[in-house]
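**Student:** So here's run.cif (mmCIF, C-alpha atoms).
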```
data_coords
loop_
_atom_site.label_atom_id
_atom_site.label_comp_id
_atom_site.auth_asym_id
_atom_site.auth_seq_id
_atom_site.Cartn_x
_atom_site.Cartn_y
_atom_site.Cartn_z
CA MET Y 936 -3.88 -7.55 -1.86
CA GLN Y 937 -6.13 -4.51 -2.11
CA THR Y 938 -4.97 -1.38 -3.87
CA ILE Y 939 -5.21 2.07 -2.32
CA ALA Y 940 -8.29 2.83 -4.45
CA GLU Y 941 -10.09 -0.29 -3.15
CA LYS Y 942 -9.11 0.48 0.44
CA GLN Y 943 -10.36 4.05 0.01
CA GLN Y 944 -13.74 2.74 -1.13
CA ASN Y 945 -13.98 0.27 1.78
CA ALA Y 946 -12.67 2.66 4.45
CA TYR Y 947 -16.10 3.62 5.77
CA THR Y 948 -17.22 0.08 6.53
CA ALA Y 949 -13.87 -0.81 8.09
CA LEU Y 950 -13.47 2.33 10.22
CA LYS Y 951 -17.04 3.31 11.16
CA ASP Y 952 -17.00 1.26 14.40
CA VAL Y 953 -13.45 2.25 15.34
CA LEU Y 954 -13.87 5.99 14.79
CA GLY Y 955 -17.64 6.23 15.28
CA TYR Y 956 -18.66 7.51 11.85
CA LYS Y 957 -22.36 7.96 11.22
CA ASN Y 958 -22.02 9.01 7.57
CA ARG Y 959 -19.86 7.78 4.68
CA MET Y 960 -18.70 11.34 3.98
CA GLN Y 961 -17.00 11.56 7.40
CA THR Y 962 -14.42 9.01 6.28
CA PRO Y 963 -10.97 10.58 5.69
CA ARG Y 964 -9.57 10.59 2.18
CA VAL Y 965 -6.15 11.23 0.68
CA MET Y 966 -6.46 14.54 -1.14
CA LYS Y 967 -2.99 14.84 -2.67
CA VAL Y 968 0.61 13.72 -2.38
CA VAL Y 969 3.40 16.29 -2.64
CA ILE Y 970 6.94 15.13 -3.47
CA SER Y 971 9.68 17.73 -3.10
CA THR Y 972 13.45 17.93 -3.05
CA GLY Y 973 15.97 20.70 -2.65
CA VAL Y 974 18.93 21.25 -4.93
CA GLY Y 975 20.74 23.58 -2.55
CA LYS Y 976 24.18 24.63 -3.73
CA ILE Y 977 24.28 22.29 -6.72
CA ALA Y 978 25.65 24.41 -9.53
CA ASP Y 979 26.20 21.57 -12.00
CA GLN Y 980 23.39 21.74 -14.55
CA LYS Y 981 23.76 18.02 -15.36
CA LYS Y 982 23.03 17.06 -11.75
CA ILE Y 983 19.98 19.32 -11.71
CA GLU Y 984 18.72 17.72 -14.94
CA LEU Y 985 19.35 14.29 -13.40
CA ILE Y 986 17.27 15.23 -10.35
CA GLN Y 987 14.44 16.47 -12.59
CA ASP Y 988 14.58 13.27 -14.66
CA ARG Y 989 14.57 10.97 -11.62
CA ILE Y 990 11.63 12.77 -10.00
CA ALA Y 991 9.73 12.56 -13.30
CA ARG Y 992 10.42 8.81 -13.48
CA ILE Y 993 9.38 8.22 -9.88
CA THR Y 994 6.16 10.24 -10.06
CA GLY Y 995 5.21 10.03 -13.73
CA GLN Y 996 4.93 13.81 -13.86
CA LYS Y 997 7.36 16.65 -14.61
CA ALA Y 998 8.67 18.49 -11.56
CA ALA Y 999 8.02 22.20 -11.14
CA ALA Y 1000 10.92 24.45 -10.12
CA ARG Y 1001 10.59 26.30 -6.81
CA GLY Y 1002 12.38 29.60 -6.29
CA ALA Y 1003 13.79 31.19 -3.16
CA LYS Y 1004 11.26 33.40 -1.38
CA LYS Y 1005 13.82 35.98 -0.39
CA SER Y 1006 17.48 36.78 -0.85
CA VAL Y 1007 19.98 35.51 1.73
CA ALA Y 1008 23.45 36.97 1.27
CA SER Y 1009 25.25 34.48 3.52
CA PHE Y 1010 23.97 31.60 1.37
CA LYS Y 1011 24.59 33.53 -1.87
CA VAL Y 1012 20.95 33.03 -2.86
CA ARG Y 1013 18.88 35.66 -4.62
CA GLN Y 1014 15.11 35.90 -4.62
CA GLY Y 1015 13.73 33.69 -7.39
CA ASP Y 1016 16.80 31.42 -7.70
CA VAL Y 1017 15.77 27.76 -8.11
CA VAL Y 1018 16.30 26.02 -4.77
CA GLY Y 1019 14.21 22.89 -5.31
CA TYR Y 1020 11.66 20.94 -7.30
CA GLN Y 1021 8.16 19.82 -6.40
CA VAL Y 1022 5.46 17.55 -7.82
CA THR Y 1023 1.83 17.45 -6.66
CA LEU Y 1024 -0.04 14.23 -7.46
CA ARG Y 1025 -3.81 13.82 -7.44
CA GLY Y 1026 -6.25 11.18 -8.66
CA ALA Y 1027 -5.03 7.99 -10.35
CA ARG Y 1028 -1.34 9.02 -10.37
CA MET Y 1029 -1.53 9.67 -6.64
CA ARG Y 1030 -3.07 6.27 -5.93
CA ASP Y 1031 -0.53 4.49 -8.16
CA PHE Y 1032 2.33 6.32 -6.47
CA LEU Y 1033 1.04 5.45 -2.99
CA ASP Y 1034 0.70 1.77 -3.97
CA ARG Y 1035 4.30 1.69 -5.23
CA PHE Y 1036 5.57 3.70 -2.26
CA ILE Y 1037 3.92 1.56 0.42
CA ASN Y 1038 4.31 -1.88 -1.16
CA ILE Y 1039 7.60 -1.63 -3.07
CA ALA Y 1040 9.73 1.36 -2.05
CA LEU Y 1041 9.38 1.36 1.76
CA PRO Y 1042 10.37 -2.32 2.13
CA ARG Y 1043 13.52 -1.57 0.09
CA MET Y 1044 14.60 1.14 2.52
CA ARG Y 1045 17.74 0.35 4.47
CA ASP Y 1046 17.23 -0.32 8.23
CA PHE Y 1047 13.51 0.44 7.97
CA ARG Y 1048 11.62 -0.03 11.22
CA GLY Y 1049 8.44 1.86 10.39
CA ILE Y 1050 7.44 5.49 10.13
CA SER Y 1051 7.23 7.45 13.36
CA THR Y 1052 3.75 8.61 14.35
CA LYS Y 1053 5.35 11.95 15.28
CA ALA Y 1054 5.46 12.69 11.54
CA ILE Y 1055 1.67 13.18 11.58
CA ASP Y 1056 0.71 16.80 12.22
CA GLU Y 1057 -2.39 18.10 14.01
CA LEU Y 1058 -4.19 18.67 10.70
CA GLY Y 1059 -3.99 14.97 9.79
CA ASN Y 1060 -1.18 15.17 7.22
CA ILE Y 1061 2.05 13.18 7.29
CA THR Y 1062 5.47 14.14 5.93
CA ILE Y 1063 8.01 11.38 5.36
CA GLY Y 1064 11.67 12.11 4.68
CA ILE Y 1065 13.46 9.72 2.34
CA THR Y 1066 17.27 9.95 2.38
CA GLU Y 1067 17.88 8.00 -0.83
CA HIS Y 1068 15.75 8.18 -3.95
CA THR Y 1069 17.19 4.82 -5.05
CA ILE Y 1070 14.55 2.88 -3.09
CA PHE Y 1071 12.18 3.44 -6.00
CA PRO Y 1072 12.60 0.76 -8.70
CA GLU Y 1073 12.09 3.31 -11.51
CA THR Y 1074 15.50 4.83 -10.85
CA SER Y 1075 18.59 3.04 -12.06
CA ASP Y 1076 21.10 2.18 -9.37
CA GLU Y 1077 24.11 2.46 -11.67
CA ASP Y 1078 25.38 5.82 -10.41
CA GLN Y 1079 25.54 5.96 -6.60
CA ARG Y 1080 27.25 9.38 -6.58
CA ASP Y 1081 24.11 11.29 -7.46
CA VAL Y 1082 21.82 10.18 -4.63
CA PHE Y 1083 19.40 12.77 -3.28
CA GLY Y 1084 16.64 12.85 -0.70
CA LEU Y 1085 12.93 13.46 -1.00
CA ALA Y 1086 10.16 14.74 1.23
CA ILE Y 1087 6.82 13.05 0.67
CA THR Y 1088 3.75 14.74 2.16
CA ILE Y 1089 0.45 12.87 2.20
CA VAL Y 1090 -2.44 15.32 2.68
CA THR Y 1091 -5.63 13.81 4.12
CA THR Y 1092 -9.03 15.12 5.15
CA ALA Y 1093 -8.69 13.62 8.64
CA ASN Y 1094 -9.79 15.87 11.52
CA GLY Y 1095 -6.89 15.18 13.83
CA LYS Y 1096 -3.79 13.20 14.60
CA GLU Y 1097 -5.54 10.12 16.02
CA GLN Y 1098 -8.03 9.91 13.16
CA ALA Y 1099 -5.23 10.30 10.60
CA GLU Y 1100 -3.10 7.63 12.30
CA THR Y 1101 -5.96 5.11 12.27
CA TYR Y 1102 -6.76 5.88 8.64
CA LEU Y 1103 -3.11 5.67 7.47
CA ARG Y 1104 -2.67 2.35 9.28
CA TYR Y 1105 -5.77 1.10 7.48
CA LEU Y 1106 -4.29 2.16 4.12
CA GLY Y 1107 -1.22 0.05 4.91
CA LEU Y 1108 1.33 2.71 5.79
CA PRO Y 1109 3.78 0.99 8.15
CA LEU Y 1110 3.62 3.24 11.23
CA ARG Y 1111 5.61 2.36 14.34
CA VAL Y 1112 3.73 1.22 17.40
CA ARG Y 1113 3.90 3.95 20.03
#
```
Kindly transcribe the structure held in the file into structure tokens.

**Tutor:**
Amino acid sequence: MQTIAEKQQNAYTALKDVLGYKNRMQTPRVMKVVISTGVGKIADQKKIELIQDRIARITGQKAAARGAKKSVASFKVRQGDVVGYQVTLRGARMRDFLDRFINIALPRMRDFRGISTKAIDELGNITIGITEHTIFPETSDEDQRDVFGLAITIVTTANGKEQAETYLRYLGLPLRVR
């Protein structure tokens, strides 16, 4: 089985007839992967530390805290309060994460029938919502109380939805048939 890095290198030859590329540089590439989660109303510092630790295990990189952009009195949130954590992966860590995500984590997802093509935006990026972080083998399944969700955004250089869909299918992302 080819890795993401090998598929990226061979993308031009595989997709030039399908998408009509005349130059190797027209081939889409994955620029970065952004993994984010919200902590919401969690006030327990131990749960927040657990979320930080699990994201670091999953991604291999420490998560950066994200603050609220503005104060909302009805939610009892002040500007700058930590409302989530985010990790941006590039290079080798990104490719390793995508390999693990596509080949190991997604098949472990409960009732998985493929990713909807509606998740691809007009700019060629896809955002996938994961309801349980426990699909990743790096996290221990011993404590089922502290399960949280993730949003995984794969940013590509594709020039549109159709081009991105073809490229992501080539990479092995299991997209549903329309």

**Student:** With only C-alpha atoms as the basis for distance, which of Y:Ala946, Y:Ile1037, Y:Ile1087, Y:Ile986 is at the shortest distance from Ile1065 of chain Y?

**Tutor:**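 Of Y:Ala946, Y:Ile1037, Y:Ile1087, Y:Ile986, the one nearest Ile1065 of chain Y, counting only C-alpha atoms, is Y:Ile1087.
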
**Student:** Running the PyMOL selection byres ((chain Y and resi 1010-1024) around 8) on this model by hand, what would come out? Give it as a VMD selection string.

**Tutor:** chain Y and resid 967 to 975 987 994 996 to 1009 1025 to 1026 1028 to 1029

**Student:** List the spatial neighbours of Lys1096 of chain Y as a list of chain:residue names - criterion: any atom at most 7 Å away, all atoms listed in the file, same-chain residues fewer than 6 positions off excluded.

**Tutor:**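 Listed by chain and then number, they are Y:Ile1055, Y:Asp1056, Y:Glu1057, Y:Leu1058, Y:Gly1059.
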
**Student:** (19.0, 9.0, -9.3) in this file's frame - what residues fall within 10 Å of it? Use all atoms listed in the file and give the answer as a list in words.

**Tutor:**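 Here is the list of nearby residues: Lys982, Leu985, Ile986, Gln987, Asp988, Arg989, Ile990, Arg992, Ile993, Glu1067, His1068, Thr1069, Ile1070, Phe1071, Glu1073, Thr1074, Ser1075, Asp1076, Glu1077, Asp1078, Gln1079, Arg1080, Asp1081, Val1082, Phe1083 and Gly1084 of chain Y.
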
**Student:** Which neighbours of segment 947-957 of chain Y fall inside 12 Å, counting only C-alpha atoms, when residues of the same chain fewer than 6 positions from it are skipped, and could you give them as a PyMOL selection string?

**Tutor:** chain Y and resi 941+963-964+1093-1095+1097-1106
